[in-house]
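Here's the structure, in C-alpha cells; my notes come after.
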Amino acid sequence: MIKITLPDNSVKEFSGPVTGMEIAQSISPRLAKDVLSVSVNGEIWDLTRKITDDATVKLHTWNDREGKEAFWHSSAHLMAEAIEYFYPGTKFGIGPTVDVGFYYDIALPDNQQLTEKDLQKIEKKMLELARQKNDIVRQEISKKDAMEMFTKKHDELKQELIGELEDGTITLYNQGNFTDLCRGPHLPNTGYIKAIKLTSIAGAYWRGNEKNQMLTRVYGVTFPKQKMLEEYLVMLEEAKKRDHRKLGKEMELFAFSDAVGQGLPLWLPKGTQLRMQLEDFLKKVQRMYGYDQVITPHIGDVKLYKTSGHYQKYGKDSFQPITTPAEGEEYMLKPMNCPHHCEIYKVKPHSYKDLPIRMAEFGTVYRYEQSGELHGLTRVRGFTQDDAHIFCRPDQLKDEFKKVIDIIFIIFKALSFDNYTAQISLRDPKNPDKYIGTAENWDKAERAIIEACEEKGLNTITETGEAAFYGPKLDFMIKDALGRSWQLGTIQVDYNLPERFELEYIGADDKRHRPVMIHRAPFGSMERFVAVLIEHTAGKFPLWLTPDQAVVLPISEKYNEYAEKVSNLLNNSDIRTLVDDRNEKIGRKIRDNELKRIPYLLIVGEKEEESETVSVRRQGEGDLGVKQVGEFADLVAAEVREQLSGLYN
RNA sequence: GCCGGAGUAGCUCAGGGGUAGAGCGCAUCCUUGGUAAGGAUGAGGUCACGAGUUCAAUUCUCGUCUUCGGCUCCA
C-alpha cells in the first residue's frame with residue numbers, strides 16, 4: 001500500500017508503485033489531460049516516474065510555474081533534437097527555461113553560424129517531431145558511462161558539466177533519436193507541444209563568463225495550444241507600442257544625438273517639463289521629511305574618489321580623469337554624489353543632537369557604461385540621481401530606513417506603481433573579499449534592513465551576494481513593457497564611507513562617534529524612472545504630471561483670439577495649456593490631440609465665446625459638456641489634488 | 001567590451017550595379033468648419049561615414065560609427 005497525500009491533505013491509497021499521471025487519472029480525466037509535472041515531497045518529477053513510497057504530492061498544470069518549466073524544458077530538448085538533425089555534431093551547452101520560454105546554448109560544427117532564416121526550418125522540424133509523440137524517457141547513468149557517451153560525441157561542453165556532477169545523480173533523457181544529459185523533469189512525450197515560435201538568436205558566453213568561448217543561444221517559446229501562441233504574439237506587439245524609446249521620440253520627451261555622444265540623453269522641453277514635475281513632487285515630500293537640498297559640482301578631484309574607494313573599485317567604469325594643463329591636477333566627472341555630500345557633512349563639527357542630517361541633491365553623474373549595454377533611457381552614461389544621504393546615529397538607523405520606505409511608497413502611490421518587487425541584497429559570506437568593512441558592521445546593517453522591512457510589513461525577496469561592496473541594500477524593481485525588470489528605488493546602508501571620510505559627531509558622552517550613512521534614491525535615476533513610467537502608463541501620464549494638461553481647439557480661425565484668451569487664463573491658474581490654431585476642421589484637431597494623449601480638449605466657437613465658456617472633452621471619454629473657464633480650472637485643480645492626496649495624509 | 005541583425009526624406013518604411021519612391025509630417029493656397037483624418041500645389045535625401053572592386057556603387061566587399069536583440073557588467 002502506498003499513501004499519497006494531496007495538497008488539500010486528503011490521502012489516496014494505491015496498491016503498488018504509482019506515477020504522477022496515474023494519480024491524476026484517479027482524480028479526474030480532465031486533470032490527467034492538463035497535468036504536466038508533479039512535485040513529490042517537494043521535488044519536481046516526471047509524470048511517468050514511479051513513486052514507490054508514501055509521499056506528499058502536488059500535480060502541476062500550465063497554470064503553475066512548475067508545469068510550464070517541464071513544458072519548456074522539454075521544448076528545449078525538442079529544439080536540440082531538430083538542430084542536431086540539421087547539424088549533426090552540434091555541441092550542446094545548457095538549455096534552461098526562462099520567464100517566458102526557453103533557450104539552448106549550442107556550438108554548431110565547423111564554426112557554422114545560425115541565422116534568423118534557419119529558425120523557420122527548425123521550427124518546422126520541431127513540429128514534425130512533436131507530432132510523432134515520442135516518449136521522453138528518463139534513464140539513470142553512471143558518471144563513467146555518461147562521460148564516455150559525451151566523449152564519443154565530442155561534446156566537451158557536456159563533458160565539463162558531467163565532470164562537476166556527483167556519481168549516482170546523473171540522468172539522461174531520451175526522445176526519438178535524441179539523448180541529452182539532463183536533471184529533468186520532462187513531459188511524458190513530445191506530443192504535448194502544439195505551437196512553437198523560435199524568437200531570436202544571440203551570442204552568449206559559455207557559463208556566463210566573458211573569458212569563455214561565445215556560443216550561439218537560440219531563444220524560443222512553445223505552448224500547448226496554437227491560440228495561446230497567437231495571443232502571446234499579439235501581446236508582444238502591444239508591448240512594443242509602449243516601448244519608451246518609441247514613445248519618447250513620438251511624444252518629444254527626449255532624444256539622442258550621435259553628435260553629442262551615445263548614452264547621453266537630451267531632454268526636450270516636454271520631457272523636461274515632466275521631469276521637473278517629478279522633481280518638484282519629490283522635493284515637496286522631502287521637505288516634509290526633513291531633508292535639506294544641496295548642490296555640488298559635476299567634477300571632483302580624483303583624490304576624493306580614492307578616499308571613497310570608488311576609484312579603486314570602479315575607476316575603469318568611469319570616464320577617465322581630466323588633467324589641468326599647468327598644475328597637472330586630476331579631476332573626474334563624478335560617478336557618485338556621496339563623496340561630495342560627505343565633504344558637506346565635514347564643513348562643521350556635529351553634535352549628536354544635529355542628527356539625523358538628511359542631504360538631498362538631484363545630482364547628475366557620469367559612468368562609462370559598456371557600449372553594448374546602453375538602452376534608451378534605462379541605461380545611459382549621464383544621468384541624474386534623486387540622491388540623498390542620511391547621516392545618523394546607529395540607534396536611529398532603523399527608523400530612518402523606515403522613513404525612506406515611506407517616501408518610496410508615497411511615490412509609488414502617486415504613480416500607481418502597485419506591481420513592484422522589493423529585494424533585500426545581502427553579502428555573500430563565502431566571498432568576503434568582495435566587500436569592505438567589518439563583519440560586525442555588516443551584521444548590524446543587514447539586521448537593520450531586515451527588521452525595518454518586517455516592521456513595515458513589506459513583502460520582500462532576499463538575495464545573497466547581491467549587496468553593494470560597501471553595504472547591504474533594499475531595491476525596488478518594476479517590470480518594463482517587455483517584462484524586463486529594472487531597479488528603480490534603492491536604499492543602502494553604509495558604515496564604510498563615514499569611516500573612510502572620518503565623519504564624526506560628538507555624543508552625549510562628549511566623545512567622538514561615527515555616524516552611519518544611508519544612501520537612497522526613490523526614483524533611482526530620473527532617466528530610468530521616466531522610462532519605466534512611460535511604459536507603465538503607455539504615455540498617458542496622470543494629469544498632475546503630464547507635460548500638456550489641456551489644449552484649446554478653436555472651431556475656426558475666427559475664434560483663435562478667444563482661444564488665446566482662454567489659454568492665457570488657464571496658464572495663469574497653473575494649468576499647462578496649448579492652443580491648436582491650425583487651419584483644420586474641428587474633427588481633425590480632436591483626433592490629433594487625442595492621439596497626443598492630452599487629457600483635456602477644450603473646444604471653443606461662437607457659443608463659447610459669447611458665454612465665456614469652453615466645451616470640455618476628456619481624453620478617451622468624449623464630450624463632458626460646456627463649463628465656465630473658472631469652473632474648468634477648479635475641476636482640474638481638484639483632480640490634481642485628488643491624485644496627489646497621498647502627499648497630504 | 002563580445003556575438004548576431006539593422007542604418008534610404010523630420011517619422012514609419014518600400015526599392016535596388018546606370019545618382020531614388022510611398023504614407024504621415026512640413027510649407028503655400030483654397031476652404032471657415034461643432035466633437036477622431038476637407039482639398040490642391042510644393043519643398044525636402046552626399047541612400048550613416050571612409051576605403052576598395054567596377055566604365056559606373058545608394059546597391060557588392062572591407063573597416064569605422066550609430067542603433068537593435070542577447071551575453072558580460074551595473075557604485
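Labeling convention for the C-alpha cells: chains A, B, ... as they appear, residues from 1 per chain, ligands from 1 in order of appearance.
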DSSP strand (DSSP E) residues within region 380-571 of chain A, listed as a short mmCIF file (atom, residue, chain, number, x, y, z; two decimals) with all heavy atoms, in the first residue's frame:
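Writing the result to selection.cif gives the following:
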```cif
data_model
loop_
_atom_site.label_atom_id
_atom_site.label_comp_id
_atom_site.auth_asym_id
_atom_site.auth_seq_id
_atom_site.Cartn_x
_atom_site.Cartn_y
_atom_site.Cartn_z
N GLY A 382 25.12 59.34 -18.76
CA GLY A 382 24.99 60.53 -17.92
C GLY A 382 23.58 60.57 -17.40
O GLY A 382 22.65 60.54 -18.19
N PHE A 383 23.40 60.57 -16.11
CA PHE A 383 22.04 60.55 -15.59
C PHE A 383 21.97 61.24 -14.24
O PHE A 383 23.00 61.49 -13.60
CB PHE A 383 21.52 59.11 -15.48
CG PHE A 383 22.37 58.20 -14.64
CD1 PHE A 383 22.07 57.97 -13.31
CD2 PHE A 383 23.46 57.56 -15.20
CE1 PHE A 383 22.84 57.11 -12.55
CE2 PHE A 383 24.25 56.70 -14.45
CZ PHE A 383 23.95 56.48 -13.11
N THR A 384 20.76 61.58 -13.85
CA THR A 384 20.57 62.34 -12.63
C THR A 384 19.89 61.48 -11.58
O THR A 384 18.77 61.01 -11.78
CB THR A 384 19.74 63.60 -12.92
OG1 THR A 384 20.43 64.34 -13.91
CG2 THR A 384 19.58 64.43 -11.65
N GLN A 385 20.59 61.29 -10.48
CA GLN A 385 20.01 60.53 -9.37
C GLN A 385 19.21 61.48 -8.48
O GLN A 385 19.64 62.60 -8.24
CB GLN A 385 21.13 59.92 -8.53
CG GLN A 385 21.97 58.91 -9.27
CD GLN A 385 23.09 58.39 -8.39
OE1 GLN A 385 23.79 59.17 -7.75
NE2 GLN A 385 23.27 57.09 -8.36
N ASP A 386 18.08 60.98 -7.99
CA ASP A 386 17.36 61.75 -6.96
C ASP A 386 17.98 61.30 -5.64
O ASP A 386 17.37 60.64 -4.84
CB ASP A 386 15.86 61.48 -7.01
CG ASP A 386 15.53 60.01 -6.92
OD1 ASP A 386 16.30 59.19 -7.45
OD2 ASP A 386 14.51 59.67 -6.29
N ASP A 387 19.22 61.71 -5.48
CA ASP A 387 20.07 61.16 -4.44
C ASP A 387 19.84 61.86 -3.10
O ASP A 387 19.46 63.03 -3.06
CB ASP A 387 21.52 61.38 -4.86
CG ASP A 387 22.44 60.29 -4.36
OD1 ASP A 387 21.95 59.41 -3.62
OD2 ASP A 387 23.62 60.33 -4.71
N ALA A 388 20.06 61.15 -2.02
CA ALA A 388 20.15 61.80 -0.72
C ALA A 388 20.97 60.89 0.19
O ALA A 388 21.03 59.68 -0.01
CB ALA A 388 18.78 62.03 -0.12
N HIS A 389 21.61 61.52 1.13
CA HIS A 389 22.39 60.77 2.11
C HIS A 389 21.94 61.17 3.49
O HIS A 389 21.84 62.36 3.80
CB HIS A 389 23.88 61.00 1.90
CG HIS A 389 24.33 60.48 0.57
ND1 HIS A 389 24.42 61.26 -0.54
CD2 HIS A 389 24.61 59.21 0.18
CE1 HIS A 389 24.77 60.51 -1.57
NE2 HIS A 389 24.89 59.28 -1.17
N ILE A 390 21.64 60.17 4.27
CA ILE A 390 21.19 60.43 5.63
C ILE A 390 22.34 60.04 6.55
O ILE A 390 22.83 58.90 6.50
CB ILE A 390 19.93 59.61 5.96
CG1 ILE A 390 18.81 60.05 5.01
CG2 ILE A 390 19.53 59.79 7.41
CD1 ILE A 390 17.64 59.11 4.97
N PHE A 391 22.79 61.01 7.32
CA PHE A 391 23.85 60.76 8.29
C PHE A 391 23.16 60.64 9.64
O PHE A 391 22.52 61.60 10.09
CB PHE A 391 24.85 61.91 8.31
CG PHE A 391 25.49 62.15 6.95
CD1 PHE A 391 24.87 62.96 6.02
CD2 PHE A 391 26.71 61.56 6.63
CE1 PHE A 391 25.47 63.18 4.77
CE2 PHE A 391 27.30 61.77 5.39
CZ PHE A 391 26.68 62.59 4.46
N CYS A 392 23.24 59.47 10.26
CA CYS A 392 22.50 59.31 11.51
C CYS A 392 23.31 58.52 12.53
O CYS A 392 24.35 57.93 12.20
CB CYS A 392 21.15 58.65 11.26
SG CYS A 392 21.25 56.96 10.67
N TYR A 420 5.36 46.01 -7.85
CA TYR A 420 6.80 46.09 -7.70
C TYR A 420 7.32 44.87 -6.93
O TYR A 420 6.55 44.13 -6.32
CB TYR A 420 7.18 47.36 -6.92
CG TYR A 420 6.54 47.40 -5.56
CD1 TYR A 420 7.14 46.77 -4.47
CD2 TYR A 420 5.33 48.06 -5.35
CE1 TYR A 420 6.54 46.78 -3.23
CE2 TYR A 420 4.72 48.07 -4.12
CZ TYR A 420 5.33 47.43 -3.06
OH TYR A 420 4.73 47.42 -1.83
N THR A 421 8.61 44.68 -6.98
CA THR A 421 9.26 43.65 -6.18
C THR A 421 10.25 44.37 -5.27
O THR A 421 10.96 45.25 -5.72
CB THR A 421 10.06 42.69 -7.07
OG1 THR A 421 9.22 42.27 -8.13
CG2 THR A 421 10.53 41.49 -6.30
N ALA A 422 10.26 43.99 -4.00
CA ALA A 422 11.24 44.57 -3.07
C ALA A 422 12.27 43.50 -2.78
O ALA A 422 11.95 42.40 -2.34
CB ALA A 422 10.55 45.03 -1.79
N GLN A 423 13.52 43.84 -3.05
CA GLN A 423 14.58 42.84 -2.89
C GLN A 423 15.62 43.30 -1.88
O GLN A 423 16.21 44.38 -2.01
CB GLN A 423 15.26 42.59 -4.23
CG GLN A 423 16.44 41.64 -4.13
CD GLN A 423 17.15 41.45 -5.46
OE1 GLN A 423 16.53 41.24 -6.49
NE2 GLN A 423 18.47 41.54 -5.44
N ILE A 424 15.84 42.47 -0.86
CA ILE A 424 16.92 42.74 0.08
C ILE A 424 18.17 42.06 -0.45
O ILE A 424 18.16 40.87 -0.75
CB ILE A 424 16.58 42.16 1.48
CG1 ILE A 424 15.28 42.78 2.01
CG2 ILE A 424 17.73 42.40 2.45
CD1 ILE A 424 14.85 42.21 3.36
N SER A 425 19.25 42.83 -0.60
CA SER A 425 20.50 42.25 -1.10
C SER A 425 21.51 42.19 0.04
O SER A 425 21.90 43.22 0.59
CB SER A 425 21.06 43.10 -2.23
OG SER A 425 20.16 43.11 -3.31
N LEU A 426 21.93 40.98 0.36
CA LEU A 426 22.88 40.78 1.45
C LEU A 426 24.22 40.36 0.89
O LEU A 426 24.34 40.00 -0.28
CB LEU A 426 22.36 39.70 2.39
CG LEU A 426 20.95 39.94 2.96
CD1 LEU A 426 20.53 38.77 3.81
CD2 LEU A 426 20.92 41.24 3.77
N THR A 460 9.16 40.91 0.84
CA THR A 460 10.48 41.03 0.20
C THR A 460 11.00 39.68 -0.27
O THR A 460 10.58 38.63 0.22
CB THR A 460 11.52 41.59 1.19
OG1 THR A 460 11.55 40.73 2.35
CG2 THR A 460 11.18 42.99 1.62
N ILE A 461 11.90 39.75 -1.23
CA ILE A 461 12.69 38.58 -1.55
C ILE A 461 14.12 38.91 -1.12
O ILE A 461 14.51 40.08 -1.11
CB ILE A 461 12.66 38.21 -3.04
CG1 ILE A 461 13.04 39.40 -3.91
CG2 ILE A 461 11.28 37.73 -3.44
CD1 ILE A 461 13.25 39.05 -5.36
N THR A 462 14.88 37.90 -0.74
CA THR A 462 16.24 38.15 -0.26
C THR A 462 17.24 37.48 -1.19
O THR A 462 17.09 36.31 -1.53
CB THR A 462 16.39 37.59 1.17
OG1 THR A 462 15.39 38.21 1.98
CG2 THR A 462 17.76 37.89 1.73
N GLU A 463 18.23 38.26 -1.63
CA GLU A 463 19.26 37.71 -2.49
C GLU A 463 20.62 37.83 -1.79
O GLU A 463 21.05 38.92 -1.44
CB GLU A 463 19.33 38.48 -3.82
CG GLU A 463 18.10 38.30 -4.70
CD GLU A 463 18.04 36.93 -5.37
OE1 GLU A 463 19.09 36.27 -5.49
OE2 GLU A 463 16.92 36.53 -5.75
N THR A 464 21.26 36.70 -1.62
CA THR A 464 22.58 36.70 -1.00
C THR A 464 23.62 36.97 -2.08
O THR A 464 23.51 36.46 -3.18
CB THR A 464 22.84 35.34 -0.35
OG1 THR A 464 21.66 34.96 0.33
CG2 THR A 464 23.99 35.40 0.63
N LYS A 473 21.55 46.37 0.83
CA LYS A 473 20.60 47.34 0.30
C LYS A 473 19.22 46.73 0.12
O LYS A 473 19.05 45.51 0.13
CB LYS A 473 21.11 47.89 -1.03
CG LYS A 473 21.39 46.83 -2.08
CD LYS A 473 21.93 47.46 -3.36
CE LYS A 473 22.18 46.40 -4.42
NZ LYS A 473 22.49 46.95 -5.72
N LEU A 474 18.26 47.62 -0.06
CA LEU A 474 16.90 47.22 -0.39
C LEU A 474 16.57 47.91 -1.71
O LEU A 474 16.65 49.14 -1.81
CB LEU A 474 15.93 47.69 0.71
CG LEU A 474 14.45 47.47 0.43
CD1 LEU A 474 14.09 46.00 0.41
CD2 LEU A 474 13.59 48.19 1.49
N ASP A 475 16.24 47.12 -2.72
CA ASP A 475 15.92 47.69 -4.03
C ASP A 475 14.47 47.42 -4.38
O ASP A 475 13.91 46.38 -4.02
CB ASP A 475 16.78 47.03 -5.13
CG ASP A 475 18.24 47.39 -5.01
OD1 ASP A 475 18.52 48.54 -4.61
OD2 ASP A 475 19.09 46.54 -5.30
N PHE A 476 13.89 48.38 -5.09
CA PHE A 476 12.53 48.19 -5.61
C PHE A 476 12.62 48.06 -7.12
O PHE A 476 13.20 48.91 -7.79
CB PHE A 476 11.65 49.37 -5.22
CG PHE A 476 11.37 49.43 -3.75
CD1 PHE A 476 12.30 49.98 -2.87
CD2 PHE A 476 10.20 48.91 -3.23
CE1 PHE A 476 12.07 50.02 -1.51
CE2 PHE A 476 9.95 48.95 -1.88
CZ PHE A 476 10.89 49.51 -1.01
N MET A 477 12.07 46.98 -7.64
CA MET A 477 12.12 46.75 -9.09
C MET A 477 10.73 46.77 -9.69
O MET A 477 9.77 46.32 -9.10
CB MET A 477 12.72 45.39 -9.42
CG MET A 477 13.47 44.75 -8.30
SD MET A 477 15.17 45.10 -8.48
CE MET A 477 15.78 43.46 -8.51
N ILE A 478 10.71 47.28 -10.93
CA ILE A 478 9.47 47.34 -11.69
C ILE A 478 9.77 46.75 -13.06
O ILE A 478 10.86 46.92 -13.57
CB ILE A 478 9.01 48.80 -11.83
CG1 ILE A 478 8.66 49.36 -10.46
CG2 ILE A 478 7.87 48.95 -12.82
CD1 ILE A 478 7.21 49.59 -10.21
N LYS A 479 8.78 46.08 -13.63
CA LYS A 479 8.99 45.49 -14.96
C LYS A 479 8.61 46.48 -16.05
O LYS A 479 7.65 47.22 -15.93
CB LYS A 479 8.15 44.23 -15.11
CG LYS A 479 8.79 43.05 -14.42
CD LYS A 479 8.12 41.76 -14.76
CE LYS A 479 8.86 40.62 -14.08
NZ LYS A 479 8.13 39.38 -14.11
N SER A 485 12.97 43.40 -15.95
CA SER A 485 12.86 44.00 -14.64
C SER A 485 13.93 45.08 -14.47
O SER A 485 15.09 44.85 -14.81
CB SER A 485 13.05 42.90 -13.60
OG SER A 485 12.53 43.33 -12.38
N TRP A 486 13.54 46.27 -13.99
CA TRP A 486 14.50 47.34 -13.77
C TRP A 486 14.50 47.76 -12.32
O TRP A 486 13.46 47.86 -11.70
CB TRP A 486 14.16 48.55 -14.64
CG TRP A 486 14.32 48.27 -16.08
CD1 TRP A 486 13.32 47.94 -16.95
CD2 TRP A 486 15.54 48.28 -16.84
NE1 TRP A 486 13.85 47.74 -18.20
CE2 TRP A 486 15.20 47.95 -18.16
CE3 TRP A 486 16.86 48.54 -16.51
CZ2 TRP A 486 16.16 47.86 -19.17
CZ3 TRP A 486 17.81 48.46 -17.52
CH2 TRP A 486 17.46 48.12 -18.83
N GLN A 487 15.69 48.03 -11.82
CA GLN A 487 15.78 48.54 -10.47
C GLN A 487 15.47 50.02 -10.46
O GLN A 487 16.06 50.79 -11.21
CB GLN A 487 17.18 48.31 -9.93
CG GLN A 487 17.34 48.81 -8.52
CD GLN A 487 18.75 49.24 -8.23
OE1 GLN A 487 19.68 48.47 -8.39
NE2 GLN A 487 18.90 50.48 -7.80
N LEU A 488 14.51 50.43 -9.65
CA LEU A 488 14.22 51.86 -9.51
C LEU A 488 14.74 52.31 -8.16
O LEU A 488 15.92 52.53 -7.99
CB LEU A 488 12.73 52.12 -9.68
CG LEU A 488 12.17 51.83 -11.08
CD1 LEU A 488 10.68 52.06 -11.12
CD2 LEU A 488 12.86 52.69 -12.12
N GLY A 489 13.84 52.43 -7.20
CA GLY A 489 14.24 52.93 -5.89
C GLY A 489 15.26 52.03 -5.21
O GLY A 489 15.25 50.82 -5.37
N THR A 490 16.14 52.66 -4.46
CA THR A 490 17.14 51.87 -3.74
C THR A 490 17.44 52.54 -2.40
O THR A 490 17.43 53.77 -2.30
CB THR A 490 18.42 51.71 -4.59
OG1 THR A 490 19.37 50.94 -3.88
CG2 THR A 490 19.03 53.05 -4.95
N ILE A 491 17.65 51.73 -1.38
CA ILE A 491 18.06 52.24 -0.07
C ILE A 491 19.25 51.40 0.38
O ILE A 491 19.16 50.18 0.40
CB ILE A 491 16.95 52.10 1.00
CG1 ILE A 491 15.57 52.43 0.42
CG2 ILE A 491 17.24 52.99 2.20
CD1 ILE A 491 14.44 52.21 1.42
N GLN A 492 20.35 52.05 0.70
CA GLN A 492 21.55 51.30 1.02
C GLN A 492 22.15 51.79 2.33
O GLN A 492 22.24 52.99 2.56
CB GLN A 492 22.57 51.47 -0.11
CG GLN A 492 21.91 51.29 -1.47
CD GLN A 492 22.85 51.45 -2.64
OE1 GLN A 492 23.98 51.89 -2.47
NE2 GLN A 492 22.39 51.10 -3.82
N VAL A 493 22.55 50.85 3.14
CA VAL A 493 23.18 51.20 4.42
C VAL A 493 24.70 51.16 4.24
O VAL A 493 25.22 50.27 3.58
CB VAL A 493 22.77 50.20 5.52
CG1 VAL A 493 23.47 50.53 6.82
CG2 VAL A 493 21.26 50.24 5.69
N ASP A 494 25.38 52.12 4.83
CA ASP A 494 26.82 52.23 4.59
C ASP A 494 27.56 52.64 5.87
O ASP A 494 27.39 53.74 6.37
CB ASP A 494 27.04 53.28 3.49
CG ASP A 494 28.50 53.38 3.06
OD1 ASP A 494 29.33 52.67 3.66
OD2 ASP A 494 28.78 54.15 2.13
N TYR A 505 30.62 62.68 15.01
CA TYR A 505 29.77 63.60 15.77
C TYR A 505 30.14 63.46 17.23
O TYR A 505 30.71 62.44 17.64
CB TYR A 505 28.28 63.32 15.52
CG TYR A 505 27.79 61.98 16.02
CD1 TYR A 505 27.30 61.83 17.32
CD2 TYR A 505 27.83 60.85 15.19
CE1 TYR A 505 26.85 60.61 17.77
CE2 TYR A 505 27.39 59.63 15.64
CZ TYR A 505 26.90 59.50 16.92
OH TYR A 505 26.46 58.28 17.37
N ILE A 506 29.83 64.49 17.99
CA ILE A 506 30.14 64.44 19.42
C ILE A 506 28.91 63.91 20.14
O ILE A 506 27.82 64.48 20.02
CB ILE A 506 30.49 65.83 19.96
CG1 ILE A 506 31.58 66.49 19.10
CG2 ILE A 506 30.90 65.75 21.43
CD1 ILE A 506 32.91 65.79 19.13
N ARG A 512 33.88 61.33 20.62
CA ARG A 512 33.66 61.29 19.18
C ARG A 512 33.05 59.96 18.77
O ARG A 512 33.51 58.91 19.22
CB ARG A 512 34.99 61.47 18.42
CG ARG A 512 35.58 62.83 18.54
CD ARG A 512 37.05 62.80 18.16
NE ARG A 512 37.70 64.04 18.52
CZ ARG A 512 37.72 65.11 17.70
NH1 ARG A 512 37.18 65.05 16.51
NH2 ARG A 512 38.30 66.22 18.09
N HIS A 513 32.04 60.02 17.91
CA HIS A 513 31.42 58.80 17.40
C HIS A 513 31.31 58.88 15.89
O HIS A 513 31.38 59.95 15.31
CB HIS A 513 30.01 58.62 17.98
CG HIS A 513 30.01 58.45 19.46
ND1 HIS A 513 30.13 57.24 20.07
CD2 HIS A 513 29.93 59.39 20.45
CE1 HIS A 513 30.10 57.41 21.37
NE2 HIS A 513 29.99 58.71 21.64
N VAL A 516 26.32 56.65 10.86
CA VAL A 516 26.02 55.68 9.81
C VAL A 516 25.40 56.46 8.66
O VAL A 516 24.72 57.46 8.89
CB VAL A 516 24.99 54.64 10.28
CG1 VAL A 516 24.89 53.52 9.26
CG2 VAL A 516 25.35 54.12 11.63
N MET A 517 25.66 56.00 7.44
CA MET A 517 25.07 56.67 6.29
C MET A 517 24.01 55.79 5.65
O MET A 517 24.19 54.57 5.57
CB MET A 517 26.15 56.91 5.23
CG MET A 517 26.68 58.31 5.17
SD MET A 517 28.06 58.35 4.01
CE MET A 517 27.25 58.97 2.56
N ILE A 518 22.95 56.43 5.18
CA ILE A 518 22.01 55.72 4.30
C ILE A 518 22.06 56.44 2.95
O ILE A 518 21.90 57.66 2.90
CB ILE A 518 20.57 55.77 4.84
CG1 ILE A 518 20.49 55.05 6.19
CG2 ILE A 518 19.60 55.15 3.85
CD1 ILE A 518 19.13 55.17 6.86
N HIS A 519 22.32 55.69 1.90
CA HIS A 519 22.19 56.25 0.54
C HIS A 519 20.79 55.87 0.10
O HIS A 519 20.38 54.72 0.28
CB HIS A 519 23.13 55.57 -0.46
CG HIS A 519 24.56 55.56 -0.07
ND1 HIS A 519 25.52 56.20 -0.80
CD2 HIS A 519 25.22 54.94 0.94
CE1 HIS A 519 26.71 55.98 -0.27
NE2 HIS A 519 26.55 55.23 0.80
N ARG A 520 20.10 56.79 -0.51
CA ARG A 520 18.78 56.40 -1.01
C ARG A 520 18.38 57.23 -2.23
O ARG A 520 18.75 58.40 -2.36
CB ARG A 520 17.71 56.49 0.08
CG ARG A 520 17.74 57.74 0.92
CD ARG A 520 16.61 58.67 0.61
NE ARG A 520 16.85 59.48 -0.56
CZ ARG A 520 15.99 60.39 -1.01
NH1 ARG A 520 14.85 60.57 -0.40
NH2 ARG A 520 16.26 61.09 -2.10
N ALA A 521 17.65 56.59 -3.14
CA ALA A 521 17.14 57.26 -4.32
C ALA A 521 15.80 56.60 -4.66
O ALA A 521 15.79 55.50 -5.17
CB ALA A 521 18.12 57.12 -5.49
N ALA A 550 -4.00 70.59 -21.07
CA ALA A 550 -5.19 70.93 -21.84
C ALA A 550 -4.77 71.61 -23.13
O ALA A 550 -3.70 72.20 -23.22
CB ALA A 550 -6.10 71.86 -21.03
N VAL A 551 -5.64 71.47 -24.14
CA VAL A 551 -5.40 72.17 -25.40
C VAL A 551 -6.72 72.80 -25.84
O VAL A 551 -7.78 72.17 -25.74
CB VAL A 551 -4.80 71.25 -26.47
CG1 VAL A 551 -5.69 70.04 -26.75
CG2 VAL A 551 -4.53 72.01 -27.76
N VAL A 552 -6.66 74.06 -26.25
CA VAL A 552 -7.87 74.76 -26.69
C VAL A 552 -7.97 74.62 -28.21
O VAL A 552 -7.01 74.89 -28.94
CB VAL A 552 -7.83 76.25 -26.31
CG1 VAL A 552 -9.18 76.91 -26.59
CG2 VAL A 552 -7.46 76.42 -24.85
N LEU A 553 -9.14 74.17 -28.69
CA LEU A 553 -9.35 73.94 -30.10
C LEU A 553 -10.41 74.90 -30.64
O LEU A 553 -11.60 74.67 -30.43
CB LEU A 553 -9.81 72.49 -30.35
CG LEU A 553 -9.03 71.38 -29.66
CD1 LEU A 553 -9.61 70.02 -30.03
CD2 LEU A 553 -7.56 71.42 -30.02
N PRO A 554 -10.00 75.98 -31.31
CA PRO A 554 -11.00 76.85 -31.90
C PRO A 554 -11.68 76.18 -33.10
O PRO A 554 -11.01 75.51 -33.88
CB PRO A 554 -10.18 78.08 -32.34
CG PRO A 554 -8.76 77.70 -32.26
CD PRO A 554 -8.62 76.45 -31.48
#
```
> What are the residues of chain A that have an atom within 7 Å of an atom of chain B, counting only C-alpha atoms (C1' of nucleotides), as a PyMOL selection string?
Replying inline: chain A and resi 202-205+208-210+214+258+310+370+555-557+585-588+590-591+623
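Taking CA of Ile23 (chain A) and CA of Lys58 (chain A) as endpoints, the distance between them is 9.9 Å.
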> What are the DSSP helix (DSSP H, G or I) residues of region 139-250 of chain A, as a PyMOL selection string?
Replying inline: chain A and resi 143-152+156-163+190-192+206-208+226-242+244-250
> If you count only C-alpha atoms (C1' of nucleotides), which residues fall within 6 Å of Arg242 (chain A), apart from same-chain ones fewer than 3 positions away, as a PyMOL selection string?
Replying inline: chain A and resi 239+535+538
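You will find CA of Lys158 (chain A) at 22.0 Å from CA of Phe71 (chain A).
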